[in-house]
Amino acid sequence: MAILDLVRLDKHFGSVAAVSDVAFTVSDGEFMCILGPSGCGKSTLLRMIAGFETPTGGDIRIDGDSIVALGANRRPTAMVFQKYTLWPHMKVFDNIGFGLQLRRLPRAEIKRKVEESLALVSLSGYEERYPAQLSGGQQQRVALARALVLEPKILLLDEPFSSLDAILRVRLREELHRIQRRLNITAIFVTHDQEEALTLADRIAVMNSGRIEQIAAPADIYANPASLFVADFIGAMNLLEGEASGRQVRLGAVALPTPDGIAARQVTVAIRPEDLVVLDGPHPEAWSCAVEQISDLGHYRRAVLEVPQLPPMKIYLPKSLSVQERAALHVYPRRYLIYENGGAPREVSRPLPAAAAALLG
Amino acid sequence: MTAAAPPQSSPSWRKGIIAYLMVAPPLLLMILLIFIPALQSTARTLTIDVNGEPGFSISRYTAFFQDPISVSNLFFTFQVTLITLAAIFILCFPLAIYLRFATGKLAGAVQVLALFPLFVPGIILAYALIRFLGTRGTLDNVLSIVGFTGYRTPYLKPDAIIFGLVWESIPFTVLVLTAGLRQISDSLIESARDVGANSWQIFWRIILPQIARPVLIVFSLNFLGIFGSYTIPYLLGPAAPQMMGVFMQQTFGQYRRPDDAETQAVITFIICAFIGFLYVRTVATQRKREESE
């Protein structure tokens, strides 16, 4: 049972602001991902919660009590680090039991707890191994067990799977998800991998240059990115710069309708590849373009389109649509977001044109 | 076809010869100048003249250990060596830990200061210390300016030897310990703090076990240097008791008893060889471990 409150948190390194004015609440049992490019301040934010960095301003509260004055060794948090996480001179048992020994728990109880937490990460029977005898994935699982055995109020994870290979990363991600749900522990997971964030998180906080750009559930972030940065960072997105006049935005040969009058002249229109529909013939609101490149991704294909006067656009093609490279297509955006001056976007979502039928999609 | 086969094997064979030729000069020097004289000396100390015929005897050693001055000098050498080593560790551990974790200009300046004695020859250091620690030396003068007049110089006392030897050993010790500490990544220390360890527990349970080898290396190499030291104990130390280096030189040069000096040398050599063996074993097992990882 733990609620984490970040209150207007700031961290400056000299004149560089690593984290500015970050404020959010993580509710009990929630899995929060902090997602952002490297250097955006996400690790610094996590390290402030863990106690390895002192905030320049603001407050960190767990269940209402400020923990800023507590050293890292006295906070009710536990952290899983990116790499070099296990003490090489200690066996797995001692790695996990070290924190319990420091708390002067009886021997029998330490043994029971270590065995329990090893079972939780599916590594029963590995007590006597040294870290060097474990694979990278096993090491990170032991690191997770070491954090969980202390029954922390908040579990902190700093890109724990980023040094593992892709298949292992997915497997451990699923395992972490299962464990977090089972223990119902409040967790904060820092990553630069959007797929990781989208699959794990109850909510995602997208960070950029030390600030939070958006906090929302994964589906919401994907469907309604609050800023151009989020639109560009999360998922595949076609970003097209156009000129607005009246209730229209001109993008190459096509003028797209806007929901109401737009003040700015320069706007950016964001279209997800899956929101582009292939029509069976030309249409005034569809781009006529050529297929530049097709990559087969198993159950669907991804194509890059060459559109006159516009940058190349990404689109997903169903396998049933037999299109070859260099073929001519007519693509129609059935949903798009219009961003002006960095503010919240305006959404346009509309049915397919009556006259033309979609080929598929 | 079979006649053409041998040249294939010649490059590796030739490489082997070249490798042996390259090691040969230092190896020969060691055998001629160290091993053979050491063996000869050891053999001589175990030989007595029995009616013109050489015979085996340990009488020179029993004489050494029955002579109170010799025993007290050997004991004194051990005492100075161990106290100096303890002082070195007490001083250098905090220094190395500071240099490992601190950043910025001050850390750079401390590093330069810590390494400075490396570039000062022992004899210059000894005279500098005499000027600094001696009666009416710098320290005495400064103390009397601030009103403290009871200063008693450690010059010509065992403390002065320890002072000089510690000063001389700091750079090497700090270098090796800092290098060892740099092998420990920050996240290993942070994760210990994270599970609740305080600084002292982190030092004992996380840092020290991981730098056991550098510590052993520092211990053994410093031991060898201190146990056999000559210049500093000769210039700064008391007339009695003496450290083995000074004792040997006096027995040989002033009392003109080369046989006794030889016995003292062999005893010193055996003690140092034992510590040297510890060092070699530490380095060898470290290499073996690195290869297996």
# chains A, B, ... in the order shown; residues from 1 in each chain; ligands from 1
call {"tool": "interface_residues", "arguments": {"of": "chain A", "to": "chain B", "cutoff": "10 Å", "atoms": "only C-alpha atoms", "output": "NGL selection string"}}
result
:A and (50-52 or 71-90 or 95-103 or 132-133 or 143 or 146-147 or 149-150 or 152)
call {"tool": "write_last_selection", "arguments": {"atoms": "C-alpha atoms", "output": "short mmCIF file (atom, residue, chain, number, x, y, z; two decimals), in the first residue's frame"}}
result
data_model
loop_
_atom_site.label_atom_id
_atom_site.label_comp_id
_atom_site.auth_asym_id
_atom_site.auth_seq_id
_atom_site.Cartn_x
_atom_site.Cartn_y
_atom_site.Cartn_z
CA ALA A 50 15.76 6.35 -4.79
CA GLY A 51 17.87 8.90 -2.91
CA PHE A 52 21.01 8.93 -5.07
CA GLY A 71 19.38 8.81 2.75
CA ALA A 72 19.06 6.17 0.06
CA ASN A 73 19.72 3.45 2.64
CA ARG A 74 16.75 4.55 4.76
CA ARG A 75 14.12 4.97 2.08
CA PRO A 76 11.31 2.43 1.62
CA THR A 77 12.24 2.08 -2.04
CA ALA A 78 14.23 -0.62 -3.83
CA MET A 79 15.91 -0.26 -7.16
CA VAL A 80 16.89 -2.55 -10.00
CA PHE A 81 19.83 -1.10 -11.91
CA GLN A 82 20.69 -1.30 -15.58
CA LYS A 83 23.81 -3.47 -15.32
CA TYR A 84 26.63 -4.59 -13.03
CA THR A 85 23.97 -4.99 -10.43
CA LEU A 86 25.04 -8.03 -8.42
CA TRP A 87 27.97 -8.07 -6.01
CA PRO A 88 30.43 -10.41 -7.72
CA HIS A 89 32.01 -11.72 -4.51
CA MET A 90 28.70 -12.88 -3.04
CA ASN A 95 23.20 -11.04 -2.78
CA ILE A 96 19.50 -11.36 -2.01
CA GLY A 97 19.94 -11.83 1.73
CA PHE A 98 22.35 -8.90 2.28
CA GLY A 99 19.61 -6.34 2.90
CA LEU A 100 17.86 -8.73 5.30
CA GLN A 101 21.13 -9.36 7.16
CA LEU A 102 21.55 -5.62 7.58
CA ARG A 103 18.08 -5.56 9.13
CA ALA A 132 29.60 -14.79 -12.94
CA GLN A 133 27.98 -18.23 -13.33
CA ALA A 143 18.56 -8.24 -8.99
CA ARG A 146 16.99 -8.70 -4.28
CA ALA A 147 14.80 -5.62 -4.60
CA VAL A 149 12.77 -9.42 -0.90
CA LEU A 150 12.86 -6.18 1.11
CA PRO A 152 9.67 -2.06 -0.63
#
call {"tool": "atom_distance", "arguments": {"atom1": "CA of Leu251 (chain A)", "atom2": "CA of Pro225 (chain A)"}}
result
20.8 Å
call {"tool": "select_by_dssp", "arguments": {"residues": "region 41-241 of chain B", "states": "strand (DSSP E)", "output": "PDB file with N, CA and C atoms, in the first residue's frame"}}
result
ATOM      1  N   THR B  47      77.964 -23.839   6.139  1.00  0.00           N
ATOM      2  CA  THR B  47      79.183 -24.635   6.065  1.00  0.00           C
ATOM      3  C   THR B  47      80.183 -24.177   7.131  1.00  0.00           C
ATOM      4  N   ILE B  48      80.840 -25.117   7.776  1.00  0.00           N
ATOM      5  CA  ILE B  48      81.970 -24.742   8.642  1.00  0.00           C
ATOM      6  C   ILE B  48      83.197 -25.564   8.255  1.00  0.00           C
ATOM      7  N   ASP B  49      84.315 -25.061   8.731  1.00  0.00           N
ATOM      8  CA  ASP B  49      85.569 -25.724   8.427  1.00  0.00           C
ATOM      9  C   ASP B  49      85.850 -26.777   9.506  1.00  0.00           C
ATOM     10  N   VAL B  50      85.847 -28.033   9.126  1.00  0.00           N
ATOM     11  CA  VAL B  50      86.166 -29.094  10.095  1.00  0.00           C
ATOM     12  C   VAL B  50      87.500 -29.721   9.696  1.00  0.00           C
ATOM     13  N   GLU B  53      88.284 -29.559   6.172  1.00  0.00           N
ATOM     14  CA  GLU B  53      87.245 -30.101   5.284  1.00  0.00           C
ATOM     15  C   GLU B  53      85.942 -29.338   5.532  1.00  0.00           C
ATOM     16  N   PRO B  54      85.194 -29.004   4.482  1.00  0.00           N
ATOM     17  CA  PRO B  54      83.909 -28.327   4.708  1.00  0.00           C
ATOM     18  C   PRO B  54      82.873 -29.290   5.302  1.00  0.00           C
ATOM     19  N   GLY B  55      82.119 -28.818   6.295  1.00  0.00           N
ATOM     20  CA  GLY B  55      81.080 -29.651   6.897  1.00  0.00           C
ATOM     21  C   GLY B  55      79.813 -28.844   7.122  1.00  0.00           C
ATOM     22  N   PHE B  56      78.687 -29.534   7.243  1.00  0.00           N
ATOM     23  CA  PHE B  56      77.402 -28.851   7.426  1.00  0.00           C
ATOM     24  C   PHE B  56      77.215 -28.432   8.875  1.00  0.00           C
TER      25      PHE B  56
END
call {"tool": "residues_around", "arguments": {"residues": "region 91-97 of chain B", "least_positions_apart": "5", "cutoff": "8 Å", "atoms": "only C-alpha atoms", "output": "ChimeraX atom specification"}}
result
/B:170,173-175,177-178,181
call {"tool": "closest_residue", "arguments": {"among": "A:Ala2, A:Leu155, A:Ala344, A:Leu105", "to": "Phe229 (chain A)", "atoms": "only C-alpha atoms"}}
result
A:Ala344
call {"tool": "closest_residue", "arguments": {"among": "B:Leu208, B:Phe277, B:Glu168, B:Ile267", "to": "Ile123 (chain B)", "atoms": "only C-alpha atoms"}}
result
B:Glu168
call {"tool": "select_by_dssp", "arguments": {"residues": "region 15-163 of chain B", "states": "alpha helix (DSSP H)", "output": "ChimeraX atom specification"}}
result
/B:15-30,36-45,59-66,68-101,105-115,122-133,138-145,158-163
call {"tool": "write_last_selection", "arguments": {"atoms": "C-alpha atoms", "output": "compact mmCIF listing (two decimals), in the first residue's frame"}}
result
# COMPACT_ATOMS: atom_id res chain seq x y z
CA LYS B 15 58.81 -17.80 -33.09
CA GLY B 16 59.60 -20.01 -30.12
CA ILE B 17 63.33 -19.43 -30.54
CA ILE B 18 62.86 -15.68 -30.83
CA ALA B 19 60.73 -15.63 -27.70
CA TYR B 20 63.39 -17.54 -25.75
CA LEU B 21 66.11 -15.24 -27.07
CA MET B 22 64.15 -12.22 -25.88
CA VAL B 23 63.69 -13.59 -22.35
CA ALA B 24 67.22 -14.92 -22.16
CA PRO B 25 69.17 -11.74 -21.19
CA PRO B 26 67.07 -10.80 -18.13
CA LEU B 27 66.79 -14.47 -17.16
CA LEU B 28 70.54 -14.96 -17.38
CA LEU B 29 71.15 -11.78 -15.41
CA MET B 30 68.80 -12.97 -12.68
CA ILE B 36 73.60 -18.19 -7.91
CA PRO B 37 75.05 -15.69 -5.39
CA ALA B 38 72.03 -16.24 -3.14
CA LEU B 39 72.48 -19.99 -3.28
CA GLN B 40 76.23 -19.66 -2.73
CA SER B 41 75.70 -17.38 0.24
CA THR B 42 73.08 -19.67 1.72
CA ALA B 43 75.39 -22.65 1.22
CA ARG B 44 78.31 -20.79 2.81
CA THR B 45 76.28 -19.87 5.88
CA SER B 59 76.09 -22.72 14.07
CA ARG B 60 76.04 -19.32 12.32
CA TYR B 61 72.27 -19.21 12.71
CA THR B 62 72.28 -20.31 16.32
CA ALA B 63 74.88 -17.60 16.91
CA PHE B 64 72.59 -15.02 15.29
CA PHE B 65 69.56 -16.01 17.35
CA GLN B 66 71.60 -16.19 20.58
CA PRO B 68 70.59 -10.26 21.83
CA ILE B 69 71.54 -7.36 19.52
CA SER B 70 70.85 -9.36 16.35
CA VAL B 71 67.51 -10.60 17.68
CA SER B 72 66.47 -7.17 18.85
CA ASN B 73 67.39 -5.71 15.44
CA LEU B 74 65.33 -8.37 13.65
CA PHE B 75 62.44 -7.79 16.03
CA PHE B 76 62.79 -4.03 15.57
CA THR B 77 62.70 -4.43 11.79
CA PHE B 78 59.47 -6.41 12.04
CA GLN B 79 58.02 -3.86 14.41
CA VAL B 80 58.82 -0.88 12.20
CA THR B 81 57.60 -2.72 9.09
CA LEU B 82 54.24 -3.69 10.58
CA ILE B 83 53.56 -0.31 12.21
CA THR B 84 54.51 1.45 8.97
CA LEU B 85 52.21 -0.86 6.99
CA ALA B 86 49.34 -0.21 9.38
CA ALA B 87 49.90 3.55 9.13
CA ILE B 88 50.07 3.33 5.33
CA PHE B 89 46.71 1.55 5.15
CA ILE B 90 45.06 3.86 7.64
CA LEU B 91 46.24 6.89 5.65
CA CYS B 92 45.88 5.57 2.12
CA PHE B 93 42.47 3.91 2.27
CA PRO B 94 40.56 7.14 2.91
CA LEU B 95 42.77 8.91 0.36
CA ALA B 96 42.14 6.27 -2.33
CA ILE B 97 38.41 6.18 -1.61
CA TYR B 98 38.29 9.96 -1.82
CA LEU B 99 40.15 9.95 -5.14
CA ARG B 100 37.89 7.19 -6.51
CA PHE B 101 34.63 8.98 -5.73
CA LYS B 105 39.65 20.48 -9.00
CA LEU B 106 40.34 19.62 -5.37
CA ALA B 107 40.47 15.89 -6.18
CA GLY B 108 42.97 16.62 -8.95
CA ALA B 109 45.17 18.61 -6.57
CA VAL B 110 45.00 15.87 -3.93
CA GLN B 111 46.01 13.31 -6.54
CA VAL B 112 49.07 15.35 -7.54
CA LEU B 113 50.05 15.77 -3.88
CA ALA B 114 49.59 12.07 -3.19
CA LEU B 115 51.80 11.11 -6.12
CA GLY B 122 64.82 8.78 -0.65
CA ILE B 123 67.98 10.60 0.39
CA ILE B 124 66.51 14.01 -0.42
CA LEU B 125 63.35 13.04 1.43
CA ALA B 126 65.44 12.03 4.46
CA TYR B 127 67.23 15.38 4.63
CA ALA B 128 63.99 17.25 4.00
CA LEU B 129 62.45 15.41 6.94
CA ILE B 130 65.45 16.21 9.13
CA ARG B 131 64.96 19.89 8.32
CA PHE B 132 61.25 19.60 8.92
CA LEU B 133 61.11 17.38 12.01
CA THR B 138 60.18 23.90 10.48
CA LEU B 139 57.67 22.09 12.65
CA ASP B 140 59.42 23.13 15.88
CA ASN B 141 59.53 26.76 14.75
CA VAL B 142 55.88 26.83 13.71
CA LEU B 143 54.84 25.25 17.00
CA SER B 144 56.86 27.71 19.05
CA ILE B 145 55.32 30.62 17.11
CA PRO B 158 62.01 4.94 15.48
CA ASP B 159 59.08 7.33 14.81
CA ALA B 160 61.17 9.24 12.28
CA ILE B 161 61.83 6.04 10.31
CA ILE B 162 58.12 5.25 10.24
CA PHE B 163 57.35 8.83 9.24
call {"tool": "residues_around", "arguments": {"residues": "region 215-232 of chain B", "least_positions_apart": "2", "cutoff": "6 Å", "atoms": "only C-alpha atoms", "output": "list in words"}}
result
Thr81, Ala126, Thr173, Ala212, Arg213, Tyr234, Leu235, Leu236, Gly245, Val246, Cys272, Ile275 and Tyr279 of chain B
call {"tool": "atom_distance", "arguments": {"atom1": "CA of Pro55 (chain A)", "atom2": "CA of Ala102 (chain B)"}}
result
19.6 Å
call {"tool": "atom_distance", "arguments": {"atom1": "CA of Leu172 (chain A)", "atom2": "CA of Asp94 (chain A)"}}
result
22.6 Å
call {"tool": "residues_around", "arguments": {"residues": "Tyr332 (chain A)", "least_positions_apart": "4", "cutoff": "6 Å", "atoms": "only C-alpha atoms", "output": "list of chain:residue names"}}
result
A:Leu276, A:Val277, A:Ala286
call {"tool": "residues_around", "arguments": {"residues": "His299 (chain A)", "least_positions_apart": "5", "cutoff": "10 Å", "atoms": "only C-alpha atoms", "output": "JSON list (two decimals) with N, CA and C atoms, in the first residue's frame"}}
result
[["chain", "number", "residue", "atom", "x", "y", "z"],
["A", 317, "LEU", "N", 0.17, -2.15, -45.06],
["A", 317, "LEU", "CA", -0.66, -2.80, -46.07],
["A", 317, "LEU", "C", -1.01, -4.21, -45.61],
["A", 318, "PRO", "N", -2.28, -4.57, -45.67],
["A", 318, "PRO", "CA", -2.63, -5.95, -45.32],
["A", 318, "PRO", "C", -2.02, -6.91, -46.34],
["A", 319, "LYS", "N", -1.80, -8.14, -45.92],
["A", 319, "LYS", "CA", -1.14, -9.10, -46.81],
["A", 319, "LYS", "C", -2.00, -9.40, -48.04]]
call {"tool": "closest_residue", "arguments": {"among": "B:Leu165, B:Pro214, B:Gln242, B:Thr268", "to": "Val283 (chain B)", "atoms": "only C-alpha atoms"}}
result
B:Pro214
